[in-house]
Amino acid sequence: MRVSGLLILAFLPLWSLFANDLDVKNKQQSMDLSIQSDGNPSISSEMEKFRKNVGNAIGLIELLKGADSNYSLQSKALSMQQAKKNHTIAKATFLPRFDLDYTFQNNNRDTETYKNYNTQVANAKFNLDVFNGFNTINTIREKSATYRSSVADMEYTRQNIYLQVIQQYYQYFDNVSQLVSLQRKLDQINSDIQRVSKLYDQGLTTIDDLESLKAQGSLSEYQIADIKLSIEQNKLMLEYLTNKNFDALKRIEISNPIYEIKERQDLISLKEQIRAQIYQNKQLNYYPSVAIFDTWTYNIQKPAYAYGGFGQLYPTEQNTVGVTVTLKVFDDIGLTLQKQYLKLGQLANEKNLLYKELEQKKDEKLYRKSLEIAKAKIASSEASLKSANISYQNIKKKYDAQLINFTDYLQALSTKFDAEATYNQSLNNYELQKANYIFYSGQKLQDYIK
């Protein structure tokens, strides 16, 4: 949909801005406040009229479902699957090693006795690591922690994308509310221009009033064009985040969050990274390694000389069993430096974790306060809207009766429509602060959106 055709569609989602208020009594008062004395319909009734003409209107739930197909999230999911495969591979190192090989050898010699002859040998080799300083088990633990870290990282990415969607969603309605107010203001100005033009033609008013009205109309048209672009930006960002196309949005509210702190997924991911570093450090050890081997050899075709006087010394079958103990004596210095290197990385991540845990506690307090202030702003902006409507109605009557000047009338008109937009913005800001609190306190956004 192009910007030029967005105005009508932008009206449609706002039909519910006054339909779902915090309180039934306040909701009814808010709807009554937007009805003018000259019979103009309220914003909610305008939205309801336009909404009936749109079929492809989606809500926040559909947007969040679409966000699950976000390419960034898909990338994290693939990284998680890769970590899971790596964990499975590490488990396979517990299995013993069993190899089969076959050798065919053609020999050309310059001796008279055995010039040319062939040999064929088959071998079966078995090897089992009995003890390697707990290297294998710690490798498996490291890969397991890395996998859990990737799972938490993917979930954190999902919640982050959800929050971005919610931010764009309510910013969309913020801009729509401003667009509606600006359009109604322009309609009122155009109506006044027609009336003042007639008065001017009859010599009952000055050219200043008429030109001032036209200037206000042009300014409103400029502001409308600017806000249309902002709405289009919100729409394109939502399509980018969710891979979902839509004509309009339906507004819903987020459930009130529970005030509690849960471990955020980015903190879980960092904790698992620290565990992985601990297990990686344990893989470097000073213990000797012990392995059992068994090699069975079958000489399918013996060398030519074996059939002479050496035949009994060259057996047809041979089995060798043994134990190998290995101790790397001069690797201790290098191992010590590697362990110190890994330990420093672990300590750095532990300090980062402590910092982020304190940050989460700070964020929880901040957004709890922001939520309380956002709720108070609704009551404040509602009172301001009520006063602005009463003031405008009185001033308009006085202006029509030519009891006050044109400047006072324009100021009252602007104050009225600004108050309408501010009230709608306070409703959207309250929902946005709910989302911020849920995200930063470590809770899941989808649990509060029904």
# chains A, B, ... in the order shown; residues from 1 in each chain; ligands from 1

call {"tool": "residues_around", "arguments": {"residues": "stretch 96-104 of chain A", "least_positions_apart": "5", "cutoff": "8 Å", "atoms": "only C-alpha atoms", "output": "JSON, numbers by chain"}}
result
{"A": [118, 119, 120, 121, 122, 123, 124, 125, 126, 127, 128, 129]}

call {"tool": "write_last_selection", "arguments": {"atoms": "all heavy atoms", "output": "PDB file, in the first residue's frame"}}
result
ATOM      1  N   ASN A 118      54.113 -62.169  -4.488  1.00  0.00           N
ATOM      2  CA  ASN A 118      53.056 -61.319  -3.924  1.00  0.00           C
ATOM      3  C   ASN A 118      52.816 -61.687  -2.466  1.00  0.00           C
ATOM      4  O   ASN A 118      53.026 -62.828  -2.055  1.00  0.00           O
ATOM      5  CB  ASN A 118      51.748 -61.476  -4.694  1.00  0.00           C
ATOM      6  CG  ASN A 118      51.894 -61.057  -6.144  1.00  0.00           C
ATOM      7  OD1 ASN A 118      52.637 -60.123  -6.449  1.00  0.00           O
ATOM      8  ND2 ASN A 118      51.211 -61.764  -7.043  1.00  0.00           N
ATOM      9  N   THR A 119      52.324 -60.689  -1.735  1.00  0.00           N
ATOM     10  CA  THR A 119      51.882 -60.937  -0.348  1.00  0.00           C
ATOM     11  C   THR A 119      50.528 -60.262  -0.147  1.00  0.00           C
ATOM     12  O   THR A 119      50.258 -59.186  -0.699  1.00  0.00           O
ATOM     13  CB  THR A 119      52.871 -60.368   0.677  1.00  0.00           C
ATOM     14  OG1 THR A 119      53.013 -58.972   0.466  1.00  0.00           O
ATOM     15  CG2 THR A 119      54.226 -61.042   0.557  1.00  0.00           C
ATOM     16  N   GLN A 120      49.675 -60.882   0.678  1.00  0.00           N
ATOM     17  CA  GLN A 120      48.367 -60.329   1.031  1.00  0.00           C
ATOM     18  C   GLN A 120      48.180 -60.493   2.540  1.00  0.00           C
ATOM     19  O   GLN A 120      48.372 -61.591   3.075  1.00  0.00           O
ATOM     20  CB  GLN A 120      47.228 -61.037   0.298  1.00  0.00           C
ATOM     21  CG  GLN A 120      47.277 -60.883  -1.217  1.00  0.00           C
ATOM     22  CD  GLN A 120      46.089 -61.517  -1.882  1.00  0.00           C
ATOM     23  OE1 GLN A 120      44.963 -61.059  -1.684  1.00  0.00           O
ATOM     24  NE2 GLN A 120      46.332 -62.566  -2.665  1.00  0.00           N
ATOM     25  N   VAL A 121      47.809 -59.382   3.219  1.00  0.00           N
ATOM     26  CA  VAL A 121      47.658 -59.399   4.675  1.00  0.00           C
ATOM     27  C   VAL A 121      46.358 -58.694   5.054  1.00  0.00           C
ATOM     28  O   VAL A 121      46.032 -57.633   4.508  1.00  0.00           O
ATOM     29  CB  VAL A 121      48.848 -58.685   5.371  1.00  0.00           C
ATOM     30  CG1 VAL A 121      48.680 -58.712   6.884  1.00  0.00           C
ATOM     31  CG2 VAL A 121      50.161 -59.321   4.969  1.00  0.00           C
ATOM     32  N   ALA A 122      45.609 -59.285   5.988  1.00  0.00           N
ATOM     33  CA  ALA A 122      44.400 -58.668   6.546  1.00  0.00           C
ATOM     34  C   ALA A 122      44.623 -58.423   8.025  1.00  0.00           C
ATOM     35  O   ALA A 122      45.122 -59.305   8.746  1.00  0.00           O
ATOM     36  CB  ALA A 122      43.192 -59.554   6.337  1.00  0.00           C
ATOM     37  N   ASN A 123      44.264 -57.196   8.501  1.00  0.00           N
ATOM     38  CA  ASN A 123      44.440 -56.826   9.908  1.00  0.00           C
ATOM     39  C   ASN A 123      43.125 -56.367  10.511  1.00  0.00           C
ATOM     40  O   ASN A 123      42.321 -55.683   9.856  1.00  0.00           O
ATOM     41  CB  ASN A 123      45.467 -55.692  10.053  1.00  0.00           C
ATOM     42  CG  ASN A 123      46.872 -56.132   9.713  1.00  0.00           C
ATOM     43  OD1 ASN A 123      47.359 -57.134  10.228  1.00  0.00           O
ATOM     44  ND2 ASN A 123      47.532 -55.388   8.823  1.00  0.00           N
ATOM     45  N   ALA A 124      42.903 -56.704  11.762  1.00  0.00           N
ATOM     46  CA  ALA A 124      41.785 -56.189  12.564  1.00  0.00           C
ATOM     47  C   ALA A 124      42.376 -55.540  13.798  1.00  0.00           C
ATOM     48  O   ALA A 124      43.078 -56.208  14.588  1.00  0.00           O
ATOM     49  CB  ALA A 124      40.835 -57.317  12.935  1.00  0.00           C
ATOM     50  N   LYS A 125      42.104 -54.217  13.983  1.00  0.00           N
ATOM     51  CA  LYS A 125      42.728 -53.486  15.080  1.00  0.00           C
ATOM     52  C   LYS A 125      41.642 -52.919  16.005  1.00  0.00           C
ATOM     53  O   LYS A 125      40.679 -52.294  15.548  1.00  0.00           O
ATOM     54  CB  LYS A 125      43.569 -52.334  14.534  1.00  0.00           C
ATOM     55  CG  LYS A 125      44.715 -52.788  13.635  1.00  0.00           C
ATOM     56  CD  LYS A 125      45.484 -51.593  13.067  1.00  0.00           C
ATOM     57  CE  LYS A 125      46.604 -52.062  12.137  1.00  0.00           C
ATOM     58  NZ  LYS A 125      47.351 -50.928  11.567  1.00  0.00           N
ATOM     59  N   PHE A 126      41.821 -53.149  17.282  1.00  0.00           N
ATOM     60  CA  PHE A 126      40.890 -52.676  18.306  1.00  0.00           C
ATOM     61  C   PHE A 126      41.658 -51.804  19.294  1.00  0.00           C
ATOM     62  O   PHE A 126      42.736 -52.191  19.750  1.00  0.00           O
ATOM     63  CB  PHE A 126      40.251 -53.862  19.027  1.00  0.00           C
ATOM     64  CG  PHE A 126      39.383 -53.473  20.192  1.00  0.00           C
ATOM     65  CD1 PHE A 126      38.060 -53.108  20.005  1.00  0.00           C
ATOM     66  CD2 PHE A 126      39.898 -53.470  21.493  1.00  0.00           C
ATOM     67  CE1 PHE A 126      37.264 -52.754  21.091  1.00  0.00           C
ATOM     68  CE2 PHE A 126      39.113 -53.113  22.566  1.00  0.00           C
ATOM     69  CZ  PHE A 126      37.778 -52.754  22.365  1.00  0.00           C
ATOM     70  N   ASN A 127      41.084 -50.602  19.623  1.00  0.00           N
ATOM     71  CA  ASN A 127      41.756 -49.704  20.562  1.00  0.00           C
ATOM     72  C   ASN A 127      40.709 -49.079  21.484  1.00  0.00           C
ATOM     73  O   ASN A 127      39.677 -48.595  21.031  1.00  0.00           O
ATOM     74  CB  ASN A 127      42.528 -48.614  19.816  1.00  0.00           C
ATOM     75  CG  ASN A 127      43.438 -47.826  20.741  1.00  0.00           C
ATOM     76  OD1 ASN A 127      44.539 -48.263  21.038  1.00  0.00           O
ATOM     77  ND2 ASN A 127      42.973 -46.664  21.189  1.00  0.00           N
ATOM     78  N   LEU A 128      40.970 -49.095  22.775  1.00  0.00           N
ATOM     79  CA  LEU A 128      40.048 -48.535  23.761  1.00  0.00           C
ATOM     80  C   LEU A 128      40.826 -47.672  24.740  1.00  0.00           C
ATOM     81  O   LEU A 128      41.789 -48.135  25.371  1.00  0.00           O
ATOM     82  CB  LEU A 128      39.336 -49.656  24.527  1.00  0.00           C
ATOM     83  CG  LEU A 128      38.416 -49.194  25.675  1.00  0.00           C
ATOM     84  CD1 LEU A 128      37.269 -48.346  25.126  1.00  0.00           C
ATOM     85  CD2 LEU A 128      37.892 -50.391  26.453  1.00  0.00           C
ATOM     86  N   ASP A 129      40.386 -46.371  24.839  1.00  0.00           N
ATOM     87  CA  ASP A 129      40.997 -45.470  25.816  1.00  0.00           C
ATOM     88  C   ASP A 129      40.400 -45.761  27.185  1.00  0.00           C
ATOM     89  O   ASP A 129      39.221 -45.480  27.440  1.00  0.00           O
ATOM     90  CB  ASP A 129      40.749 -44.009  25.443  1.00  0.00           C
ATOM     91  CG  ASP A 129      41.525 -43.590  24.200  1.00  0.00           C
ATOM     92  OD1 ASP A 129      42.612 -44.156  23.968  1.00  0.00           O
ATOM     93  OD2 ASP A 129      41.030 -42.714  23.465  1.00  0.00           O
TER      94      ASP A 129
END

call {"tool": "residues_around", "arguments": {"residues": "stretch 216-228 of chain A", "least_positions_apart": "3", "cutoff": "8 Å", "atoms": "only C-alpha atoms", "output": "list in words"}}
result
Val3, Leu6, Leu7, Asn175, Val176, Gln178, Leu179, Leu182, Gln183, Lys185, Leu186, Ile189, Asn190, Ser212, Leu213, Ile231 and Glu232 of chain A

call {"tool": "residues_around", "arguments": {"residues": "A:Tyr71", "least_positions_apart": "4", "cutoff": "9 Å", "atoms": "only C-alpha atoms", "output": "list in words"}}
result
Ala67, Ser75, Lys76, Leu241 and Asn243 of chain A

call {"tool": "residues_around", "arguments": {"residues": "A:Asp418", "least_positions_apart": "3", "cutoff": "9 Å", "atoms": "only C-alpha atoms", "output": "VMD selection string"}}
result
chain A and resid 178 181 to 182 385 413 to 415 421 to 423

call {"tool": "select_by_dssp", "arguments": {"residues": "stretch 145-364 of chain A", "states": "strand (DSSP E or B)", "output": "MDAnalysis selection string"}}
result
chainID A and resid 248:249 289:301 317:326

call {"tool": "closest_residue", "arguments": {"among": "A:Asn135, A:Ala306, A:Ile58, A:Asn299", "to": "A:Tyr117", "atoms": "only C-alpha atoms"}}
result
A:Ala306

call {"tool": "residues_around", "arguments": {"residues": "A:Ala83", "least_positions_apart": "4", "cutoff": "7 Å", "atoms": "only C-alpha atoms", "output": "list in words"}}
result
Ser79, His87, Thr146 and Tyr147 of chain A

call {"tool": "write_last_selection", "arguments": {"atoms": "N, CA and C atoms", "output": "compact mmCIF listing (two decimals), in the first residue's frame"}}
result
# COMPACT_ATOMS: atom_id res chain seq x y z
N SER A 79 22.16 -22.46 14.48
CA SER A 79 23.35 -22.53 15.35
C SER A 79 23.09 -23.46 16.53
N HIS A 87 27.48 -31.85 20.27
CA HIS A 87 27.36 -32.58 21.54
C HIS A 87 27.24 -34.09 21.29
N THR A 146 27.63 -25.72 25.93
CA THR A 146 27.57 -24.87 24.74
C THR A 146 26.21 -24.98 24.07
N TYR A 147 25.67 -26.19 24.04
CA TYR A 147 24.33 -26.39 23.45
C TYR A 147 23.27 -25.65 24.25

call {"tool": "select_by_dssp", "arguments": {"residues": "stretch 307-349 of chain A", "states": "alpha helix (DSSP H)", "output": "VMD selection string"}}
result
chain A and resid 332 to 349
